[in-house]
Amino acid sequence: MKAAVVPQLGSPLEIREVPVPEVTPGTVLIRTHACGVCHTDLHAANGDWPLKPTVPFIPGHEGVGEIVALGSGVDFVKLGSRVGVPWLHTACGRCEFCQTGWETLCARQQCTGYTINGGFAEYILADPNYLGFLPDGLDYVSAAPILCAGVTTYKGLKESEVRPGEWCAIVGIGGLGHLAVQYAKAMGMKVCAVARSNEKLDLAKKLGADMVVNSRDTSLAIQEVQDKLGGVHGALVTAVTNEAFGMTIGLLRRKGTMALVGLPPGDFPTPIFDVVLKRLTIRGSIVGNRKDLQEALDFAGEKKVASHAKTDKLENINQIFSDLEAGKINGRIVLDFANL
Ligand SMILES: [Zn+2]
Ligand SMILES: [Zn+2]
């Protein structure tokens, strides 16, 4: 099969012919139809994070396709089922996190396209217990970005604890933020979109944002949100600048919660006095569990949420990575294996 392989951390990917993986007991083989390209894939290939992947490996954690082989003992999925292989490839199933629906925190988890081969390949080996199932009518290219970008924003919104009818600030209207606006509306929230470019704010308006705030001047943005709304009940930070994190604390009303899903390097200043006296919550959020993933896919299946995706070819992965690094990509690039 054809695959994009990371030969060494920091080197360009190589398009190689590699053997199709063979199913082992308890696994399934998926023929890939599409796979989204996430910033995390770039970090994986560059070895940017403290826990490094072992080379060579195949990135990609938004792979979707059909099941073409079942390992022994697999009796609850069918050949031909349309599925996706998310970041959370598998987990131990026994620790206190796995027992309580927090398999995303399992210390023994495997991560697709990082600790185990992923979706930049014509076939993917997967643990059927951790697959997402694609709703009827949701095509592969539209489904792929939901596997990471979709579930990450959807779970982050849940973690903001904003209830229907309350205000949620979505900070950053890029690949994650444009999905977050749609999920938040579908969840009944009032959306205040915050971004530095008016073009992105226009997009947020089109997607249903109730209010938009330009944050080129962060103190003016804070003032506007406090004056008009008395602060937001919660916020989701998808932006990847530390400045955005610091600003978001100022957007919250008392008892507000901010959920963080963006990963800029470094730290941001936290005004301890505000956090304590206003009883603020600052909370990290990492992808979502299997139920979150299924809900995120179902919203997309009902056409309440759609990712702005453009298709490209596996062969162009290095160009896609450099565009991603240069911030030239709006929305999601999805590798379309139908046009390999
Ligand atoms: Zn991702
Ligand atoms: Zn576990």
# chains A, B, ... in the order shown; residues from 1 in each chain; ligands from 1
>>> residues_near_ligand(ligand="ligand 1", cutoff="10 Å", atoms="only C-alpha atoms and all ligand atoms", output="NGL selection string")
:A and (36-42 or 60-62 or 86-87 or 112-113 or 145-152 or 176 or 286-287)
>>> residues_near_ligand(ligand="ligand 2", cutoff="9 Å", atoms="only C-alpha atoms and all ligand atoms", output="VMD selection string")
chain A and resid 90 to 99 102 to 109
>>> residues_around(residues="Gln294 (chain A)", least_positions_apart="3", cutoff="10 Å", atoms="only C-alpha atoms", output="list in words")
Leu131, Gly132, Phe133, Leu134, Pro135, Ile146, Leu147, Val151, Gly288, Asn289, Arg290, Lys291, Leu297, Asp298, Phe299 and Ala300 of chain A
>>> write_last_selection(atoms="N, CA and C atoms", output="PDB file, in the first residue's frame")
ATOM      1  N   LEU A 131     -13.519   2.983  17.550  1.00  0.00           N
ATOM      2  CA  LEU A 131     -13.841   3.624  16.275  1.00  0.00           C
ATOM      3  C   LEU A 131     -15.014   4.590  16.427  1.00  0.00           C
ATOM      4  N   GLY A 132     -15.079   5.572  15.536  1.00  0.00           N
ATOM      5  CA  GLY A 132     -16.303   6.364  15.384  1.00  0.00           C
ATOM      6  C   GLY A 132     -17.076   5.769  14.223  1.00  0.00           C
ATOM      7  N   PHE A 133     -18.399   5.786  14.316  1.00  0.00           N
ATOM      8  CA  PHE A 133     -19.227   5.239  13.240  1.00  0.00           C
ATOM      9  C   PHE A 133     -19.876   6.384  12.471  1.00  0.00           C
ATOM     10  N   LEU A 134     -19.683   6.393  11.149  1.00  0.00           N
ATOM     11  CA  LEU A 134     -20.146   7.527  10.351  1.00  0.00           C
ATOM     12  C   LEU A 134     -21.649   7.408  10.104  1.00  0.00           C
ATOM     13  N   PRO A 135     -22.402   8.488  10.372  1.00  0.00           N
ATOM     14  CA  PRO A 135     -23.835   8.448  10.104  1.00  0.00           C
ATOM     15  C   PRO A 135     -24.091   8.318   8.603  1.00  0.00           C
ATOM     16  N   ILE A 146     -14.083  15.742  11.478  1.00  0.00           N
ATOM     17  CA  ILE A 146     -14.813  15.607  12.746  1.00  0.00           C
ATOM     18  C   ILE A 146     -14.031  14.692  13.703  1.00  0.00           C
ATOM     19  N   LEU A 147     -13.235  13.783  13.141  1.00  0.00           N
ATOM     20  CA  LEU A 147     -12.520  12.792  13.964  1.00  0.00           C
ATOM     21  C   LEU A 147     -11.575  13.425  14.980  1.00  0.00           C
ATOM     22  N   VAL A 151     -14.462  16.701  17.224  1.00  0.00           N
ATOM     23  CA  VAL A 151     -14.676  16.200  18.588  1.00  0.00           C
ATOM     24  C   VAL A 151     -13.925  17.060  19.610  1.00  0.00           C
ATOM     25  N   GLY A 288     -11.894  13.910  22.903  1.00  0.00           N
ATOM     26  CA  GLY A 288     -13.156  13.587  23.559  1.00  0.00           C
ATOM     27  C   GLY A 288     -13.253  12.077  23.667  1.00  0.00           C
ATOM     28  N   ASN A 289     -14.148  11.595  24.512  1.00  0.00           N
ATOM     29  CA  ASN A 289     -14.262  10.142  24.635  1.00  0.00           C
ATOM     30  C   ASN A 289     -15.127   9.601  23.498  1.00  0.00           C
ATOM     31  N   ARG A 290     -15.406   8.312  23.530  1.00  0.00           N
ATOM     32  CA  ARG A 290     -16.103   7.689  22.398  1.00  0.00           C
ATOM     33  C   ARG A 290     -17.514   8.219  22.236  1.00  0.00           C
ATOM     34  N   LYS A 291     -18.163   8.534  23.347  1.00  0.00           N
ATOM     35  CA  LYS A 291     -19.518   9.078  23.281  1.00  0.00           C
ATOM     36  C   LYS A 291     -19.480  10.486  22.679  1.00  0.00           C
ATOM     37  N   LEU A 297     -20.028  13.374  15.523  1.00  0.00           N
ATOM     38  CA  LEU A 297     -20.299  12.870  14.172  1.00  0.00           C
ATOM     39  C   LEU A 297     -21.786  12.994  13.827  1.00  0.00           C
ATOM     40  N   ASP A 298     -22.638  12.727  14.813  1.00  0.00           N
ATOM     41  CA  ASP A 298     -24.079  12.784  14.554  1.00  0.00           C
ATOM     42  C   ASP A 298     -24.541  14.213  14.234  1.00  0.00           C
ATOM     43  N   PHE A 299     -23.973  15.199  14.916  1.00  0.00           N
ATOM     44  CA  PHE A 299     -24.299  16.595  14.567  1.00  0.00           C
ATOM     45  C   PHE A 299     -23.936  16.867  13.101  1.00  0.00           C
ATOM     46  N   ALA A 300     -22.791  16.354  12.673  1.00  0.00           N
ATOM     47  CA  ALA A 300     -22.378  16.551  11.276  1.00  0.00           C
ATOM     48  C   ALA A 300     -23.319  15.789  10.340  1.00  0.00           C
TER      49      ALA A 300
END
>>> residues_around(residues="Val55 (chain A)", least_positions_apart="5", cutoff="12 Å", atoms="only C-alpha atoms", output="list of chain:residue names")
A:Val5, A:Val6, A:Pro7, A:Gln8, A:Leu9, A:Gly10, A:Ser11, A:Leu13, A:Ala44, A:Ala45, A:Asn46, A:Gly47, A:Gly113, A:Tyr114, A:Thr115, A:Ile116, A:Asn117
>>> residues_around(residues="region 137-140 of chain A", least_positions_apart="3", cutoff="12 Å", atoms="only C-alpha atoms", output="count of residues only")
39
>>> atom_distance(atom1="CA of Val68 (chain A)", atom2="CA of Val28 (chain A)")
7.6 Å
>>> residues_around(residues="region 252-259 of chain A", least_positions_apart="6", cutoff="7 Å", atoms="only C-alpha atoms", output="list in words")
Gly156, Glu159, Ser160, Glu161, Gly230, Gly231, Val232, His233, Gly234, Ala235, Leu236, Val237, Lys278, Arg279, Leu280, Thr281, Ile282, Arg283, Gly284 and Ser285 of chain A
>>> write_last_selection(atoms="N, CA and C atoms", output="tab-separated table (two decimals), in the first residue's frame")
chain	number	residue	atom	x	y	z
A	156	GLY	N	-14.60	20.48	24.04
A	156	GLY	CA	-14.15	21.72	24.68
A	156	GLY	C	-15.34	22.59	25.06
A	159	GLU	N	-16.89	21.25	28.07
A	159	GLU	CA	-16.04	21.55	29.22
A	159	GLU	C	-16.13	23.01	29.64
A	160	SER	N	-16.65	23.87	28.77
A	160	SER	CA	-16.83	25.29	29.14
A	160	SER	C	-18.01	25.45	30.10
A	161	GLU	N	-18.82	24.39	30.21
A	161	GLU	CA	-19.99	24.37	31.09
A	161	GLU	C	-21.01	25.44	30.77
A	230	GLY	N	-21.60	41.88	30.20
A	230	GLY	CA	-21.20	41.62	31.59
A	230	GLY	C	-20.29	40.41	31.67
A	231	GLY	N	-19.63	40.12	30.55
A	231	GLY	CA	-18.75	38.94	30.49
A	231	GLY	C	-19.51	37.72	29.98
A	232	VAL	N	-18.76	36.76	29.48
A	232	VAL	CA	-19.38	35.52	28.98
A	232	VAL	C	-19.37	34.46	30.08
A	233	HIS	N	-20.32	33.53	29.97
A	233	HIS	CA	-20.42	32.46	30.97
A	233	HIS	C	-19.26	31.48	30.84
A	234	GLY	N	-18.80	31.33	29.61
A	234	GLY	CA	-17.69	30.41	29.38
A	234	GLY	C	-17.01	30.75	28.08
A	235	ALA	N	-15.85	30.16	27.84
A	235	ALA	CA	-15.11	30.45	26.62
A	235	ALA	C	-14.33	29.22	26.19
A	236	LEU	N	-14.16	29.12	24.89
A	236	LEU	CA	-13.32	28.08	24.32
A	236	LEU	C	-12.19	28.77	23.57
A	237	VAL	N	-10.96	28.50	23.97
A	237	VAL	CA	-9.81	29.13	23.30
A	237	VAL	C	-9.23	28.16	22.29
A	278	LYS	N	-13.16	35.90	41.62
A	278	LYS	CA	-14.29	35.73	40.69
A	278	LYS	C	-14.65	34.26	40.50
A	279	ARG	N	-13.95	33.41	41.20
A	279	ARG	CA	-14.18	31.95	41.14
A	279	ARG	C	-14.20	31.49	39.67
A	280	LEU	N	-13.07	31.75	39.00
A	280	LEU	CA	-12.96	31.35	37.61
A	280	LEU	C	-12.36	29.95	37.52
A	281	THR	N	-12.68	29.27	36.43
A	281	THR	CA	-12.12	27.95	36.18
A	281	THR	C	-11.35	27.97	34.87
A	282	ILE	N	-10.11	27.53	34.91
A	282	ILE	CA	-9.29	27.42	33.70
A	282	ILE	C	-9.03	25.93	33.51
A	283	ARG	N	-9.48	25.42	32.37
A	283	ARG	CA	-9.53	23.96	32.24
A	283	ARG	C	-8.96	23.51	30.90
A	284	GLY	N	-8.06	22.57	30.92
A	284	GLY	CA	-7.58	21.97	29.68
A	284	GLY	C	-8.59	20.96	29.18
A	285	SER	N	-8.60	20.73	27.88
A	285	SER	CA	-9.52	19.74	27.32
A	285	SER	C	-8.80	19.02	26.19
>>> select_by_dssp(residues="region 76-285 of chain A", states="alpha helix (DSSP H)", output="MDAnalysis selection string")
chainID A and resid 96:99 140:143 149:159 177:186 198:206 218:229 242:251 272:277
>>> closest_residue(among="A:Asn316, A:Thr241, A:Ser72, A:Gln223", to="Val261 (chain A)", atoms="only C-alpha atoms")
A:Thr241
>>> closest_residue(among="A:Val74, A:Ala193, A:Leu79, A:Ile317", to="Asn129 (chain A)", atoms="only C-alpha atoms")
A:Val74
>>> closest_residue(among="A:Leu157, A:Val213, A:Ala169, A:Val23", to="Ala296 (chain A)", atoms="only C-alpha atoms")
A:Leu157
>>> select_by_dssp(residues="region 136-285 of chain A", states="strand (DSSP E)", output="JSON, numbers by chain")
{"A": [167, 168, 169, 170, 171, 190, 191, 192, 193, 194, 195, 211, 212, 213, 214, 232, 233, 234, 235, 236, 237, 252, 253, 254, 255, 256, 257, 258, 259, 260, 281, 282, 283, 284]}
>>> write_last_selection(atoms="C-alpha atoms", output="PDB file, in the first residue's frame")
ATOM      1  CA  TRP A 167     -22.976  33.179  26.300  1.00  0.00           C
ATOM      2  CA  CYS A 168     -19.894  31.355  25.082  1.00  0.00           C
ATOM      3  CA  ALA A 169     -16.888  33.152  23.630  1.00  0.00           C
ATOM      4  CA  ILE A 170     -15.093  31.310  20.844  1.00  0.00           C
ATOM      5  CA  VAL A 171     -11.604  32.772  20.704  1.00  0.00           C
ATOM      6  CA  LYS A 190     -25.193  32.267  22.392  1.00  0.00           C
ATOM      7  CA  VAL A 191     -21.932  32.769  20.568  1.00  0.00           C
ATOM      8  CA  CYS A 192     -19.533  35.665  20.882  1.00  0.00           C
ATOM      9  CA  ALA A 193     -16.809  35.130  18.250  1.00  0.00           C
ATOM     10  CA  VAL A 194     -13.462  36.769  18.978  1.00  0.00           C
ATOM     11  CA  ALA A 195     -10.697  37.053  16.381  1.00  0.00           C
ATOM     12  CA  MET A 211     -21.881  38.807  18.323  1.00  0.00           C
ATOM     13  CA  VAL A 212     -18.384  39.350  16.961  1.00  0.00           C
ATOM     14  CA  VAL A 213     -15.500  41.162  18.614  1.00  0.00           C
ATOM     15  CA  ASN A 214     -12.226  42.177  17.010  1.00  0.00           C
ATOM     16  CA  VAL A 232     -19.375  35.521  28.983  1.00  0.00           C
ATOM     17  CA  HIS A 233     -20.415  32.460  30.971  1.00  0.00           C
ATOM     18  CA  GLY A 234     -17.687  30.407  29.382  1.00  0.00           C
ATOM     19  CA  ALA A 235     -15.109  30.453  26.623  1.00  0.00           C
ATOM     20  CA  LEU A 236     -13.316  28.078  24.320  1.00  0.00           C
ATOM     21  CA  VAL A 237      -9.813  29.131  23.303  1.00  0.00           C
ATOM     22  CA  LEU A 252     -15.288  35.823  31.532  1.00  0.00           C
ATOM     23  CA  ARG A 253     -18.003  36.860  33.929  1.00  0.00           C
ATOM     24  CA  ARG A 254     -17.821  35.787  37.571  1.00  0.00           C
ATOM     25  CA  LYS A 255     -17.924  31.989  37.973  1.00  0.00           C
ATOM     26  CA  GLY A 256     -16.975  31.643  34.293  1.00  0.00           C
ATOM     27  CA  THR A 257     -15.008  28.747  32.832  1.00  0.00           C
ATOM     28  CA  MET A 258     -12.503  28.799  30.031  1.00  0.00           C
ATOM     29  CA  ALA A 259     -11.615  25.614  28.197  1.00  0.00           C
ATOM     30  CA  LEU A 260      -8.299  25.424  26.382  1.00  0.00           C
ATOM     31  CA  THR A 281     -12.117  27.946  36.184  1.00  0.00           C
ATOM     32  CA  ILE A 282      -9.291  27.416  33.703  1.00  0.00           C
ATOM     33  CA  ARG A 283      -9.526  23.959  32.241  1.00  0.00           C
ATOM     34  CA  GLY A 284      -7.582  21.966  29.683  1.00  0.00           C
TER      35      GLY A 284
END
>>> closest_residue(among="A:Asp217, A:Phe120, A:His308, A:Arg16", to="Leu203 (chain A)", atoms="only C-alpha atoms")
A:His308
>>> residues_around(residues="Ile67 (chain A)", least_positions_apart="2", cutoff="6 Å", atoms="only C-alpha atoms", output="list of chain:residue names")
A:Leu29, A:Ile30, A:Ala69, A:Leu79, A:Gly80, A:Ser81
>>> atom_distance(atom1="CA of Lys228 (chain A)", atom2="CA of Ala209 (chain A)")
15.1 Å
>>> closest_residue(among="A:Lys78, A:His178, A:Asp210, A:Lys185", to="Asn330 (chain A)", atoms="only C-alpha atoms")
A:His178
>>> closest_residue(among="A:Thr248, A:Asn318, A:Asn242, A:Thr100", to="Ile15 (chain A)", atoms="only C-alpha atoms")
A:Asn318
>>> atom_distance(atom1="CA of Asp127 (chain A)", atom2="CA of Thr27 (chain A)")
4.9 Å
